[in-house]
Structures are given as structure tokens and as C-alpha cells.
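S.K.: Got a structure here, written out as C-alpha cells. Questions coming.
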Amino acid sequence: MFKFITNKSFFVNLLVVILAVLLLVFLFFSLLGVITKHGETQKVPLLVGMNYNDAVKALKAVGLEAGIQDSIYADTAKPLQVMRQSPDVDAEVKSGRTIYLTINRSVPPLVEMPDLRGFSFKSAQLYLQSLGLKSGELTYVPDIARNAVKEQLLNGNPIAPGTKINMGSSIDLVIGNGLGEEQMEVPDLVGMTVAEARSYLSTNNIELGAIIAMGAISDTSNAYINVQKPARYADATAAGEPPAVNKIRAGEIVDIWISTNPPVKDTTAPQ
């Protein structure tokens, strides 16, 4: 059967083998474009914002496939909404290519409620944002700790730290307004130096407000207080009645007018 081949010289047989190999190589490269679909490309459509199922249909309509790359949660987006796509819109890809999608979860994940009591409002707000929670309504209550969180609420009810809640939930906060609950008599600062008044007020958690100079003053700390607002005494409501003592709460402020000379105090005023 192979007598024809065996009768040929070695070089003839070698030439036949080389030609056969060259033919196979030629056929391979000729068919490579068909096998790899070389030159057949398709533009990626815009999928961001679409529902996942609609995105799958849109890709199939142009000969592309869909795959889920990741899922995230955003309460501002609809469930199963496409948030990102790879490759991006208008990218040239081969037919049959898989386009990877990042979609919004249909069910929000659960997070643990932190303990925000004692945090400043700004710190509590940043902490909530880092967990995917929102700062809801603010309620102010009398408390000397200004802007400190006193209580945390979910749907109007106190929520304990560690409670599992949906990401995106709004947390209402009860905040201190910086004022004490109990009222006290306005202290009489007239005649004190600024340094003395500052020390006295700090022991009662009252703030020293505006300091207004009555003339040139080189040493504010040792200047004398001539006028204060609010004053210690209210105006008399009726003739012959002694003036009532004004009230103030911790956290409120007293403005003062100062001079290098001590004031002349009314010795007839009630003490």
C-alpha cells in the first residue's frame, strides 16, 4: 500500500511532509478569524440605572452576556438596579462577551446600632454615615452638655446599642441644648475684675459673653466690671416694691462692660 512512498527518495518524502505542514498552518490561520470571531465587535449599551432583568435582555439583544460582579446597597436606588458596569458604555467588545454588572441589593443588609450617647452631634452624624445609617430628627433637651447626644431613637422608640437594624435607617437623636434645668439667681459681677468674674462664673457653669471696653484698657483681666447684662435685679414692677432678682440657667451667658476704674455701687440697692 505504501510502496509508492517507500520507492521515493528521502528528499521527496521530506518535501511532501513540509508541504502538508504548510498547508495545515495556512488552513489554521485562515480559519482563526472565524473561530475567534475576529473583526466582529459590538458596542456595550448603557445599563446603569436599569433593572437587572432588563439589562440582561438588552445585552442578549445585541449578542452579549450578563454577569454579576458585585452587589451593594444604596437606599437612594431601586432594588436590583444596575449601579456599575464593566466594560463601560460604548466600549467595543466581541460578540458573546460577558458584561459584568454591580447591582443594588433587593434587601438591605443589617448593621449593629452603635452607642452614640455622650458623642457630640457632629461625631455621631459621621459615625452613623460610616455605618450606612442616617441622622433623623433632632430634639433638644435642657442639659449642660451642649450638642451632646443624650438619647438615640428609632421610629420614636429608644434603641439599645448592638440592636440589628436595616442599613439606611434614620436614627433620631436627643441633644443637650447647653442649658441646665434649674434656674439660679443672676450673680452680681459689678465691681469684680474680669479675672474674678470669669473664675466665679465657671464654678456655676455660666458663660462669660461679650466684653465691651468703656475707654482705653491695657490689662483686660484686671479691669473692673461696671455694667452687666442680664443685671442682677429686674426693674421694679410697682412703686415701692423692691426689685426682683433675675434668674439664669447654667450654660447661659453674661455680657459685661469694663473700665479701668471700679464702679460706684448704689449702697441703697437690696443685697
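Chain labels A, B, ... are given in the sequence in which chains occur in the C-alpha cells; within each chain residues are numbered consecutively from 1, and ligands are likewise numbered from 1 in the order shown.
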For Phe119 of chain A, find every residue with an atom within 12 Å (counting only C-alpha atoms), except residues of its own chain fewer than 3 positions away, and show them as a PyMOL selection string.

M.R.: chain A and resi 114-116+122-128+145-152+173-176

S.K.: I'd like the neighbourhood of Glu65 of chain A as a compact mmCIF listing (two decimals) with C-alpha atoms, in the first residue's frame, where a residue qualifies if any of its atoms comes within 8 Å (using only C-alpha atoms), though same-chain residues fewer than 5 positions away should be ignored.

M.R.:
# COMPACT_ATOMS: atom_id res chain seq x y z
CA VAL A 56 -29.91 41.04 30.71
CA LEU A 59 -27.41 42.55 26.35
CA LYS A 60 -28.89 39.45 24.75
CA GLY A 96 -20.65 36.87 23.11
CA ARG A 97 -18.55 38.87 25.63
CA THR A 98 -19.76 38.88 29.25
CA ILE A 99 -20.55 42.32 30.67

S.K.: My list of candidates is A:Leu131, A:Ala91, A:Leu208, A:Ala250. Which is closest to Asn177 of chain A when distances are computed with only C-alpha atoms?

M.R.: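 Checking each of A:Leu131, A:Ala91, A:Leu208, A:Ala250 against Asn177 of chain A, counting only C-alpha atoms, the winner is A:Ala250.
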
S.K.: Rounded to one decimal, what separation in Å do you get between atom CA of Arg117 of chain A and atom CA of Pro161 of chain A?

M.R.: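 Separation between atom CA of Arg117 of chain A and atom CA of Pro161 of chain A: 9.6 Å.
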
S.K.: Just list as a PyMOL selection string whatever in segment 131-268 of chain A DSSP marks as alpha helix (DSSP H).

M.R.: chain A and resi 194-203

S.K.: Any chance you could export the current selection's C-alpha atoms as a PDB file, in the first residue's frame?

M.R.:
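Done, and the output landed in part05.pdb:
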ATOM      1  CA  VAL A 194     -12.742  90.303  84.724  1.00  0.00           C
ATOM      2  CA  ALA A 195     -10.470  87.569  86.124  1.00  0.00           C
ATOM      3  CA  GLU A 196     -12.561  87.301  89.306  1.00  0.00           C
ATOM      4  CA  ALA A 197     -15.824  87.199  87.338  1.00  0.00           C
ATOM      5  CA  ARG A 198     -14.528  84.576  84.955  1.00  0.00           C
ATOM      6  CA  SER A 199     -13.485  82.308  87.824  1.00  0.00           C
ATOM      7  CA  TYR A 200     -16.781  82.847  89.672  1.00  0.00           C
ATOM      8  CA  LEU A 201     -18.935  82.146  86.621  1.00  0.00           C
ATOM      9  CA  SER A 202     -17.036  78.984  85.689  1.00  0.00           C
ATOM     10  CA  THR A 203     -17.903  77.412  89.052  1.00  0.00           C
TER      11      THR A 203
END

S.K.: Going by DSSP on the backbone, which residues of segment 2-122 of chain A come out as strand (DSSP E)? List them as a PDB file with N, CA and C atoms, in the first residue's frame.

M.R.:
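Saved result, states_15.pdb, follows:
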ATOM      1  N   THR A  41     -17.294  43.000  16.304  1.00  0.00           N
ATOM      2  CA  THR A  41     -17.375  43.711  17.583  1.00  0.00           C
ATOM      3  C   THR A  41     -18.755  44.310  17.765  1.00  0.00           C
ATOM      4  N   GLN A  42     -19.032  44.672  19.023  1.00  0.00           N
ATOM      5  CA  GLN A  42     -20.331  45.228  19.368  1.00  0.00           C
ATOM      6  C   GLN A  42     -20.123  46.295  20.435  1.00  0.00           C
ATOM      7  N   LYS A  43     -20.829  47.413  20.333  1.00  0.00           N
ATOM      8  CA  LYS A  43     -20.739  48.450  21.353  1.00  0.00           C
ATOM      9  C   LYS A  43     -21.570  48.048  22.574  1.00  0.00           C
ATOM     10  N   GLU A  65     -23.495  38.812  26.880  1.00  0.00           N
ATOM     11  CA  GLU A  65     -23.954  38.101  28.066  1.00  0.00           C
ATOM     12  C   GLU A  65     -23.824  38.992  29.294  1.00  0.00           C
ATOM     13  N   ALA A  66     -24.592  38.670  30.343  1.00  0.00           N
ATOM     14  CA  ALA A  66     -24.551  39.430  31.591  1.00  0.00           C
ATOM     15  C   ALA A  66     -24.024  38.565  32.716  1.00  0.00           C
ATOM     16  N   GLY A  67     -23.214  39.183  33.586  1.00  0.00           N
ATOM     17  CA  GLY A  67     -22.702  38.502  34.771  1.00  0.00           C
ATOM     18  C   GLY A  67     -22.703  39.470  35.943  1.00  0.00           C
ATOM     19  N   ILE A  68     -22.955  38.965  37.155  1.00  0.00           N
ATOM     20  CA  ILE A  68     -22.967  39.815  38.348  1.00  0.00           C
ATOM     21  C   ILE A  68     -21.570  39.833  38.948  1.00  0.00           C
ATOM     22  N   GLN A  69     -20.995  41.011  39.020  1.00  0.00           N
ATOM     23  CA  GLN A  69     -19.658  41.161  39.587  1.00  0.00           C
ATOM     24  C   GLN A  69     -19.711  41.417  41.088  1.00  0.00           C
ATOM     25  N   ASP A  70     -20.698  42.219  41.527  1.00  0.00           N
ATOM     26  CA  ASP A  70     -20.789  42.576  42.942  1.00  0.00           C
ATOM     27  C   ASP A  70     -22.191  43.089  43.221  1.00  0.00           C
ATOM     28  N   SER A  71     -22.526  43.171  44.512  1.00  0.00           N
ATOM     29  CA  SER A  71     -23.795  43.777  44.923  1.00  0.00           C
ATOM     30  C   SER A  71     -23.515  44.716  46.086  1.00  0.00           C
ATOM     31  N   ILE A  72     -24.165  45.869  46.051  1.00  0.00           N
ATOM     32  CA  ILE A  72     -24.024  46.860  47.103  1.00  0.00           C
ATOM     33  C   ILE A  72     -25.411  47.270  47.543  1.00  0.00           C
ATOM     34  N   VAL A  82     -29.023  48.403  38.325  1.00  0.00           N
ATOM     35  CA  VAL A  82     -27.616  48.318  37.941  1.00  0.00           C
ATOM     36  C   VAL A  82     -26.912  49.607  38.382  1.00  0.00           C
ATOM     37  N   MET A  83     -25.864  49.460  39.208  1.00  0.00           N
ATOM     38  CA  MET A  83     -25.137  50.612  39.743  1.00  0.00           C
ATOM     39  C   MET A  83     -23.867  50.905  38.941  1.00  0.00           C
ATOM     40  N   ARG A  84     -23.201  49.839  38.469  1.00  0.00           N
ATOM     41  CA  ARG A  84     -21.984  49.997  37.660  1.00  0.00           C
ATOM     42  C   ARG A  84     -21.936  48.883  36.636  1.00  0.00           C
ATOM     43  N   GLN A  85     -21.165  49.116  35.561  1.00  0.00           N
ATOM     44  CA  GLN A  85     -20.977  48.089  34.536  1.00  0.00           C
ATOM     45  C   GLN A  85     -19.530  48.090  34.075  1.00  0.00           C
ATOM     46  N   SER A  86     -19.064  46.929  33.670  1.00  0.00           N
ATOM     47  CA  SER A  86     -17.694  46.779  33.165  1.00  0.00           C
ATOM     48  C   SER A  86     -17.703  45.754  32.029  1.00  0.00           C
ATOM     49  N   GLU A  92     -15.984  48.863  22.725  1.00  0.00           N
ATOM     50  CA  GLU A  92     -16.052  47.889  21.635  1.00  0.00           C
ATOM     51  C   GLU A  92     -15.624  46.521  22.160  1.00  0.00           C
ATOM     52  N   VAL A  93     -16.523  45.541  22.114  1.00  0.00           N
ATOM     53  CA  VAL A  93     -16.220  44.192  22.584  1.00  0.00           C
ATOM     54  C   VAL A  93     -16.667  43.187  21.532  1.00  0.00           C
ATOM     55  N   LYS A  94     -16.133  41.977  21.638  1.00  0.00           N
ATOM     56  CA  LYS A  94     -16.514  40.921  20.716  1.00  0.00           C
ATOM     57  C   LYS A  94     -17.886  40.375  21.063  1.00  0.00           C
ATOM     58  N   THR A  98     -18.990  38.704  28.023  1.00  0.00           N
ATOM     59  CA  THR A  98     -19.756  38.879  29.249  1.00  0.00           C
ATOM     60  C   THR A  98     -19.524  40.277  29.812  1.00  0.00           C
ATOM     61  N   ILE A  99     -20.599  40.989  30.072  1.00  0.00           N
ATOM     62  CA  ILE A  99     -20.545  42.317  30.668  1.00  0.00           C
ATOM     63  C   ILE A  99     -20.882  42.162  32.157  1.00  0.00           C
ATOM     64  N   TYR A 100     -19.969  42.582  33.005  1.00  0.00           N
ATOM     65  CA  TYR A 100     -20.128  42.379  34.452  1.00  0.00           C
ATOM     66  C   TYR A 100     -20.827  43.579  35.078  1.00  0.00           C
ATOM     67  N   LEU A 101     -21.819  43.276  35.919  1.00  0.00           N
ATOM     68  CA  LEU A 101     -22.679  44.301  36.499  1.00  0.00           C
ATOM     69  C   LEU A 101     -22.580  44.299  38.024  1.00  0.00           C
ATOM     70  N   THR A 102     -22.634  45.496  38.606  1.00  0.00           N
ATOM     71  CA  THR A 102     -22.773  45.665  40.050  1.00  0.00           C
ATOM     72  C   THR A 102     -24.193  46.148  40.295  1.00  0.00           C
ATOM     73  N   ILE A 103     -24.946  45.401  41.091  1.00  0.00           N
ATOM     74  CA  ILE A 103     -26.371  45.713  41.269  1.00  0.00           C
ATOM     75  C   ILE A 103     -26.669  46.097  42.716  1.00  0.00           C
ATOM     76  N   ASN A 104     -27.780  46.798  42.886  1.00  0.00           N
ATOM     77  CA  ASN A 104     -28.247  47.186  44.218  1.00  0.00           C
ATOM     78  C   ASN A 104     -29.030  46.035  44.841  1.00  0.00           C
ATOM     79  N   LEU A 110     -28.090  44.122  57.379  1.00  0.00           N
ATOM     80  CA  LEU A 110     -28.272  44.523  58.767  1.00  0.00           C
ATOM     81  C   LEU A 110     -26.952  45.040  59.336  1.00  0.00           C
ATOM     82  N   VAL A 111     -27.050  46.078  60.163  1.00  0.00           N
ATOM     83  CA  VAL A 111     -25.887  46.618  60.862  1.00  0.00           C
ATOM     84  C   VAL A 111     -26.236  46.738  62.338  1.00  0.00           C
ATOM     85  N   GLU A 112     -25.200  46.776  63.194  1.00  0.00           N
ATOM     86  CA  GLU A 112     -25.424  46.920  64.624  1.00  0.00           C
ATOM     87  C   GLU A 112     -25.537  48.396  65.000  1.00  0.00           C
TER      88      GLU A 112
END

S.K.: Please determine, counting only C-alpha atoms, which residue among A:Met113, A:Ile211, A:Ile206, A:Met184 has the shortest atom-to-atom distance to Thr163 of chain A.

M.R.: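 Ranking A:Met113, A:Ile211, A:Ile206, A:Met184 by distance to Thr163 of chain A, first place goes to A:Met113.
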
S.K.: Hey, what's within 12 Å of Ala77 of chain A if we count only C-alpha atoms and toss same-chain stuff fewer than 3 positions away? As a PyMOL selection string, please?

M.R.: chain A and resi 48-51+72-74+80-83+103-108+168
